[in-house]
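Student: One structure follows; several queries about it will come next.
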Amino acid sequence: MSNTEEPTVEAGQVEEEEEWVPDYDFCYKTIITGDPSTGKSQISARWSRDEFSEDYTTTVGVEFATKKSEIDSKVISQQLWDTSPHMIGEEGIPVPLIHRYCFNVFGAFLVYDITKPDTFKNIPERLDVLRTKGDIHPKTKIIIMGNKSDLKKDGGDQVDTAEAKAYADENGFFFAEVSALDGSGIQDAFKTMVQAIWDEPEFDGSKSKTYELRDEIESQWP
Ligand SMILES: Nc1nc2c(ncn2[C@@H]2O[C@H](COP(=O)(O)OP(=O)(O)O)[C@@H](O)[C@H]2O)c(=O)[nH]1
Ligand SMILES: [Mg+2]
C-alpha cells in the first residue's frame with residue numbers, strides 16, 4: 001500500500017466507542033511487598049483465585065490481582081499490586097518507579113516468612129522506603145503479615161509471634177499470621193484491609209475512592 005493513501009472515513013461510519021461503566025462502586029488499590037520468596041505471589045493467588053503452587057518464579061515487573069467484596073451494599077473492587085523484589089528500594093530501579101507504583105495506594109501488606117527471621121528484620125526498612133520514596137499517604141493501612149504458618153513449630157529459629165505482634169501494635173499496624181499453602185488467615189486479612197480502608201475518614205474527600213484502572217495504567221505506566 002502506498003503511504004500516500006489515506007483511509008477514507010465517511011460520516012456515520014465511525015463506531016462510537018462504548019463508554020466503560022465500572023461494575024463496582026469503589027476501587028481500593030493495595031500493594032504487597034516483602035523480601036523475595038516470602039510468598040507474596042502465592043498469597044495473591046490464594047486470595048484472588050484460591051490457588052497455590054509450590055513452584056517459585058520470581059515476579060518480573062508488576063502483577064496484579066483484583067477481587068470484589070461488599071460493604072454496606074457497596075461493591076468494592078480491591079486491587080493487589082505484587083512487585084518484583086527488586087522494585088522497592090533495590091539498586092537499579094529508578095526511584096520514580098516506586099512513586100508510580102505507590103500512586104493512590106490505600107493499603108500495604110508487608111510480608112515476612114515466619115521461618116526466616118531476617119525477612120522480618122527487613123520490614124522496617126521496607127516500610128521506610130515506601131514512606132520516603134514511595135510517598136504513601138500517612139493513613140495508608142498497613143498489615144504486617146507472617147506467612148507460612150503451616151511450617152510453624154515451637155522453639156527453633158523462627159519469628160516469635162508475640163514479638164511480631166508487639167511491633168505491629170506499637171506502630172498502629174494490623175497483624176496477621178497466614179499460610180498461602182493451606183489458606184489460613186488469608187481471606188480474613190484481606191477483609192480486615194478493605195474494612196480499614198472503608199473506615200478511614202481521611203480517605204474521603206482528599207482522595208477519590210473510585211477511579212478507572214485503565215486511566216491509572218495509562219497515566220502511570222507509559
Ligand atoms: N510451606 C509454605 N510454602 C509457601 C507458602 N507460601 C509460599 N510458599 C512457597 O515459597 C516459595 C516462594 O513463594 P512466592 O509466592 O513465589 O514468593 P514471592 O517471591 O514473595 O512472590 C514458593 O516455593 C512457594 O511455594 C506457605 O504459606 N507455606
Ligand atoms: Mg513473587
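For the C-alpha cells, the naming scheme is as follows: chains receive sequential letters (A, B, ...) according to their order of presentation, residues are indexed from 1 within each chain, and ligands are indexed from 1 in presentation order.
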Chain A near ligand 1 within 6 Å: what's each residue's closest atom pair and its distance in Å to one decimal, counting only C-alpha atoms and all ligand atoms, ordered by chain then ascending residue number, as JSON lines?

Tutor:
```
{"residue": "A:Pro36", "atom": "CA", "partner": "ligand 1", "partner_atom_place_in_ligand_line": "19 (O)", "distance": 4.0}
{"residue": "A:Ser37", "atom": "CA", "partner": "ligand 1", "partner_atom_place_in_ligand_line": "19 (O)", "distance": 3.4}
{"residue": "A:Thr38", "atom": "CA", "partner": "ligand 1", "partner_atom_place_in_ligand_line": "20 (O)", "distance": 4.0}
{"residue": "A:Gly39", "atom": "CA", "partner": "ligand 1", "partner_atom_place_in_ligand_line": "15 (O)", "distance": 3.2}
{"residue": "A:Lys40", "atom": "CA", "partner": "ligand 1", "partner_atom_place_in_ligand_line": "20 (O)", "distance": 3.7}
{"residue": "A:Ser41", "atom": "CA", "partner": "ligand 1", "partner_atom_place_in_ligand_line": "15 (O)", "distance": 3.7}
{"residue": "A:Gln42", "atom": "CA", "partner": "ligand 1", "partner_atom_place_in_ligand_line": "15 (O)", "distance": 3.8}
{"residue": "A:Ser53", "atom": "CA", "partner": "ligand 1", "partner_atom_place_in_ligand_line": "25 (O)", "distance": 5.2}
{"residue": "A:Glu54", "atom": "CA", "partner": "ligand 1", "partner_atom_place_in_ligand_line": "25 (O)", "distance": 3.3}
{"residue": "A:Asp55", "atom": "CA", "partner": "ligand 1", "partner_atom_place_in_ligand_line": "23 (O)", "distance": 4.8}
{"residue": "A:Tyr56", "atom": "CA", "partner": "ligand 1", "partner_atom_place_in_ligand_line": "23 (O)", "distance": 4.3}
{"residue": "A:Thr57", "atom": "CA", "partner": "ligand 1", "partner_atom_place_in_ligand_line": "16 (O)", "distance": 5.5}
{"residue": "A:Thr58", "atom": "CA", "partner": "ligand 1", "partner_atom_place_in_ligand_line": "19 (O)", "distance": 5.7}
{"residue": "A:Asn147", "atom": "CA", "partner": "ligand 1", "partner_atom_place_in_ligand_line": "27 (O)", "distance": 5.4}
{"residue": "A:Lys148", "atom": "CA", "partner": "ligand 1", "partner_atom_place_in_ligand_line": "27 (O)", "distance": 3.5}
{"residue": "A:Asp150", "atom": "CA", "partner": "ligand 1", "partner_atom_place_in_ligand_line": "28 (N)", "distance": 5.8}
{"residue": "A:Leu151", "atom": "CA", "partner": "ligand 1", "partner_atom_place_in_ligand_line": "1 (N)", "distance": 5.8}
{"residue": "A:Ser179", "atom": "CA", "partner": "ligand 1", "partner_atom_place_in_ligand_line": "27 (O)", "distance": 3.6}
{"residue": "A:Ala180", "atom": "CA", "partner": "ligand 1", "partner_atom_place_in_ligand_line": "27 (O)", "distance": 3.7}
{"residue": "A:Leu181", "atom": "CA", "partner": "ligand 1", "partner_atom_place_in_ligand_line": "27 (O)", "distance": 4.1}
```

Student: Emit the selected residues as an mmCIF file, in the first residue's frame, including N, CA and C atoms.

Tutor:
```
data_model
loop_
_atom_site.group_PDB
_atom_site.id
_atom_site.type_symbol
_atom_site.label_atom_id
_atom_site.label_comp_id
_atom_site.auth_asym_id
_atom_site.auth_seq_id
_atom_site.Cartn_x
_atom_site.Cartn_y
_atom_site.Cartn_z
ATOM 1 N N PRO A 36 12.222 -11.331 48.890
ATOM 2 C CA PRO A 36 11.967 -12.387 47.907
ATOM 3 C C PRO A 36 11.630 -13.701 48.593
ATOM 4 N N SER A 37 10.729 -14.451 47.985
ATOM 5 C CA SER A 37 10.405 -15.811 48.434
ATOM 6 C C SER A 37 9.631 -15.902 49.755
ATOM 7 N N THR A 38 9.118 -14.776 50.211
ATOM 8 C CA THR A 38 8.313 -14.828 51.444
ATOM 9 C C THR A 38 6.894 -15.338 51.153
ATOM 10 N N GLY A 39 6.524 -15.383 49.862
ATOM 11 C CA GLY A 39 5.230 -15.962 49.493
ATOM 12 C C GLY A 39 4.211 -14.951 48.992
ATOM 13 N N LYS A 40 4.676 -13.783 48.571
ATOM 14 C CA LYS A 40 3.755 -12.716 48.131
ATOM 15 C C LYS A 40 2.880 -13.154 46.953
ATOM 16 N N SER A 41 3.517 -13.764 45.951
ATOM 17 C CA SER A 41 2.738 -14.162 44.769
ATOM 18 C C SER A 41 1.725 -15.251 45.120
ATOM 19 N N GLN A 42 2.112 -16.132 46.024
ATOM 20 C CA GLN A 42 1.188 -17.209 46.418
ATOM 21 C C GLN A 42 0.045 -16.676 47.283
ATOM 22 N N SER A 53 0.789 -22.722 44.349
ATOM 23 C CA SER A 53 1.734 -23.531 43.586
ATOM 24 C C SER A 53 3.039 -23.620 44.360
ATOM 25 N N GLU A 54 3.665 -24.780 44.294
ATOM 26 C CA GLU A 54 4.935 -24.947 45.014
ATOM 27 C C GLU A 54 6.088 -24.352 44.238
ATOM 28 N N ASP A 55 5.837 -24.060 42.967
ATOM 29 C CA ASP A 55 6.928 -23.529 42.143
ATOM 30 C C ASP A 55 7.248 -22.108 42.561
ATOM 31 N N TYR A 56 8.502 -21.792 42.411
ATOM 32 C CA TYR A 56 8.895 -20.425 42.704
ATOM 33 C C TYR A 56 9.411 -19.755 41.442
ATOM 34 N N THR A 57 8.682 -18.777 40.990
ATOM 35 C CA THR A 57 9.133 -17.988 39.851
ATOM 36 C C THR A 57 9.205 -16.550 40.321
ATOM 37 N N THR A 58 10.351 -15.947 40.109
ATOM 38 C CA THR A 58 10.487 -14.548 40.512
ATOM 39 C C THR A 58 9.508 -13.693 39.730
ATOM 40 N N ASN A 147 3.902 -15.046 56.849
ATOM 41 C CA ASN A 147 3.394 -16.148 56.013
ATOM 42 C C ASN A 147 4.110 -17.468 56.339
ATOM 43 N N LYS A 148 3.514 -18.554 55.861
ATOM 44 C CA LYS A 148 3.996 -19.935 56.022
ATOM 45 C C LYS A 148 3.736 -20.458 57.432
ATOM 46 N N ASP A 150 1.941 -22.710 58.214
ATOM 47 C CA ASP A 150 1.893 -24.193 58.183
ATOM 48 C C ASP A 150 3.228 -24.812 58.590
ATOM 49 N N LEU A 151 4.305 -24.025 58.534
ATOM 50 C CA LEU A 151 5.632 -24.554 58.892
ATOM 51 C C LEU A 151 6.029 -24.188 60.324
ATOM 52 N N SER A 179 -1.157 -18.588 56.022
ATOM 53 C CA SER A 179 -0.490 -19.586 55.188
ATOM 54 C C SER A 179 -1.131 -19.568 53.806
ATOM 55 N N ALA A 180 -0.341 -19.224 52.807
ATOM 56 C CA ALA A 180 -0.856 -19.291 51.438
ATOM 57 C C ALA A 180 -1.074 -20.747 51.051
ATOM 58 N N LEU A 181 -0.297 -21.634 51.674
ATOM 59 C CA LEU A 181 -0.398 -23.060 51.327
ATOM 60 C C LEU A 181 -1.747 -23.634 51.762
#
```

Student: So which residues touch Leu130 of chain A within 10 Å, counting only C-alpha atoms, skipping near sequence neighbours fewer than 2 positions away, as a list of chain:residue names?

Tutor: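 Using only C-alpha atoms, the neighbours found are A:Thr33, A:Ile88, A:Gly89, A:Ile98, A:His99, A:Tyr101, A:Cys102, A:Ala108, A:Pro124, A:Glu125, A:Arg126, A:Leu127, A:Asp128, A:Thr132, A:Lys133, A:Gly134, A:Asp135, A:Ile136, A:His137.
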
Student: With N, CA and C atoms kept, could you save the residues just selected as a short mmCIF file (atom, residue, chain, number, x, y, z; two decimals), in the first residue's frame?

Tutor:
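File produced: selection-v4.cif:
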```cif
data_model
loop_
_atom_site.label_atom_id
_atom_site.label_comp_id
_atom_site.auth_asym_id
_atom_site.auth_seq_id
_atom_site.Cartn_x
_atom_site.Cartn_y
_atom_site.Cartn_z
N THR A 33 4.35 -6.25 49.62
CA THR A 33 5.79 -6.18 49.48
C THR A 33 6.46 -6.97 50.60
N ILE A 88 11.27 -2.39 44.98
CA ILE A 88 11.26 -1.45 46.09
C ILE A 88 12.64 -1.34 46.72
N GLY A 89 13.23 -0.20 46.53
CA GLY A 89 14.43 0.14 47.28
C GLY A 89 15.66 -0.69 46.96
N ILE A 98 9.01 3.63 41.98
CA ILE A 98 8.39 3.35 43.27
C ILE A 98 7.22 4.32 43.48
N HIS A 99 7.47 5.54 43.08
CA HIS A 99 6.45 6.57 43.16
C HIS A 99 5.20 6.18 42.39
N TYR A 101 4.33 3.23 41.34
CA TYR A 101 3.75 2.01 41.87
C TYR A 101 2.90 2.31 43.11
N CYS A 102 3.32 3.29 43.88
CA CYS A 102 2.61 3.62 45.12
C CYS A 102 1.50 4.64 44.91
N ALA A 108 -1.15 -1.45 52.45
CA ALA A 108 0.07 -2.21 52.13
C ALA A 108 0.18 -3.43 53.03
N PRO A 124 10.99 -2.97 58.76
CA PRO A 124 11.03 -1.52 58.99
C PRO A 124 11.71 -0.74 57.87
N GLU A 125 12.76 -1.32 57.30
CA GLU A 125 13.46 -0.62 56.23
C GLU A 125 12.58 -0.52 54.97
N ARG A 126 11.89 -1.60 54.67
CA ARG A 126 10.99 -1.58 53.50
C ARG A 126 9.90 -0.53 53.67
N LEU A 127 9.41 -0.46 54.88
CA LEU A 127 8.36 0.50 55.19
C LEU A 127 8.88 1.92 55.03
N ASP A 128 10.12 2.11 55.48
CA ASP A 128 10.73 3.41 55.38
C ASP A 128 10.86 3.84 53.91
N THR A 132 9.21 7.14 52.39
CA THR A 132 10.02 8.26 51.93
C THR A 132 10.05 8.33 50.40
N LYS A 133 10.37 7.22 49.76
CA LYS A 133 10.49 7.24 48.30
C LYS A 133 9.15 7.03 47.61
N GLY A 134 8.30 6.22 48.22
CA GLY A 134 7.00 5.93 47.60
C GLY A 134 5.97 6.99 47.91
N ASP A 135 6.24 7.76 48.98
CA ASP A 135 5.37 8.87 49.33
C ASP A 135 3.93 8.40 49.55
N ILE A 136 3.77 7.30 50.28
CA ILE A 136 2.41 6.80 50.51
C ILE A 136 1.67 7.71 51.50
N HIS A 137 0.38 7.73 51.39
CA HIS A 137 -0.47 8.54 52.26
C HIS A 137 -0.20 8.16 53.72
#
```

Student: Quick one: of A:Gln187, A:Thr83, A:Ser69, A:Thr30, who's nearest to ligand 2, counting only C-alpha atoms and all ligand atoms?

Tutor: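 Looking only at the distances to ligand 2, the closest residue turns out to be A:Thr83.
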
Student: For each of A:Gly146, A:Gly34, A:Gly172, A:Gly107, take the minimum atom-to-atom distance to ligand 2, counting only C-alpha atoms and all ligand atoms, then give the residue where this is smallest.

Tutor: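 Between A:Gly146, A:Gly34, A:Gly172, A:Gly107, the residue approaching ligand 2 most closely is A:Gly34.
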
Student: Given only C-alpha atoms and all ligand atoms as the basis, pick out the residue of A:Thr140, A:Glu63, A:Asp50, A:Tyr28 nearest to ligand 2.

Tutor: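 Distance minimum relative to ligand 2 lands on A:Glu63.
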
Student: Quick one: pull the distance between atom CA of Lys67 of chain A and atom CA of Tyr112 of chain A, Å, one decimal.

Tutor: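 Result for atom CA of Lys67 of chain A versus atom CA of Tyr112 of chain A: 22.8 Å, one decimal.
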
Student: Given the choices A:Phe26, A:Tyr167, A:Trp20, A:Trp81, which gets closest to ligand 2 if the distance is worked out from only C-alpha atoms and all ligand atoms?

Tutor: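 Smallest separation from ligand 2 among the options: A:Trp81.
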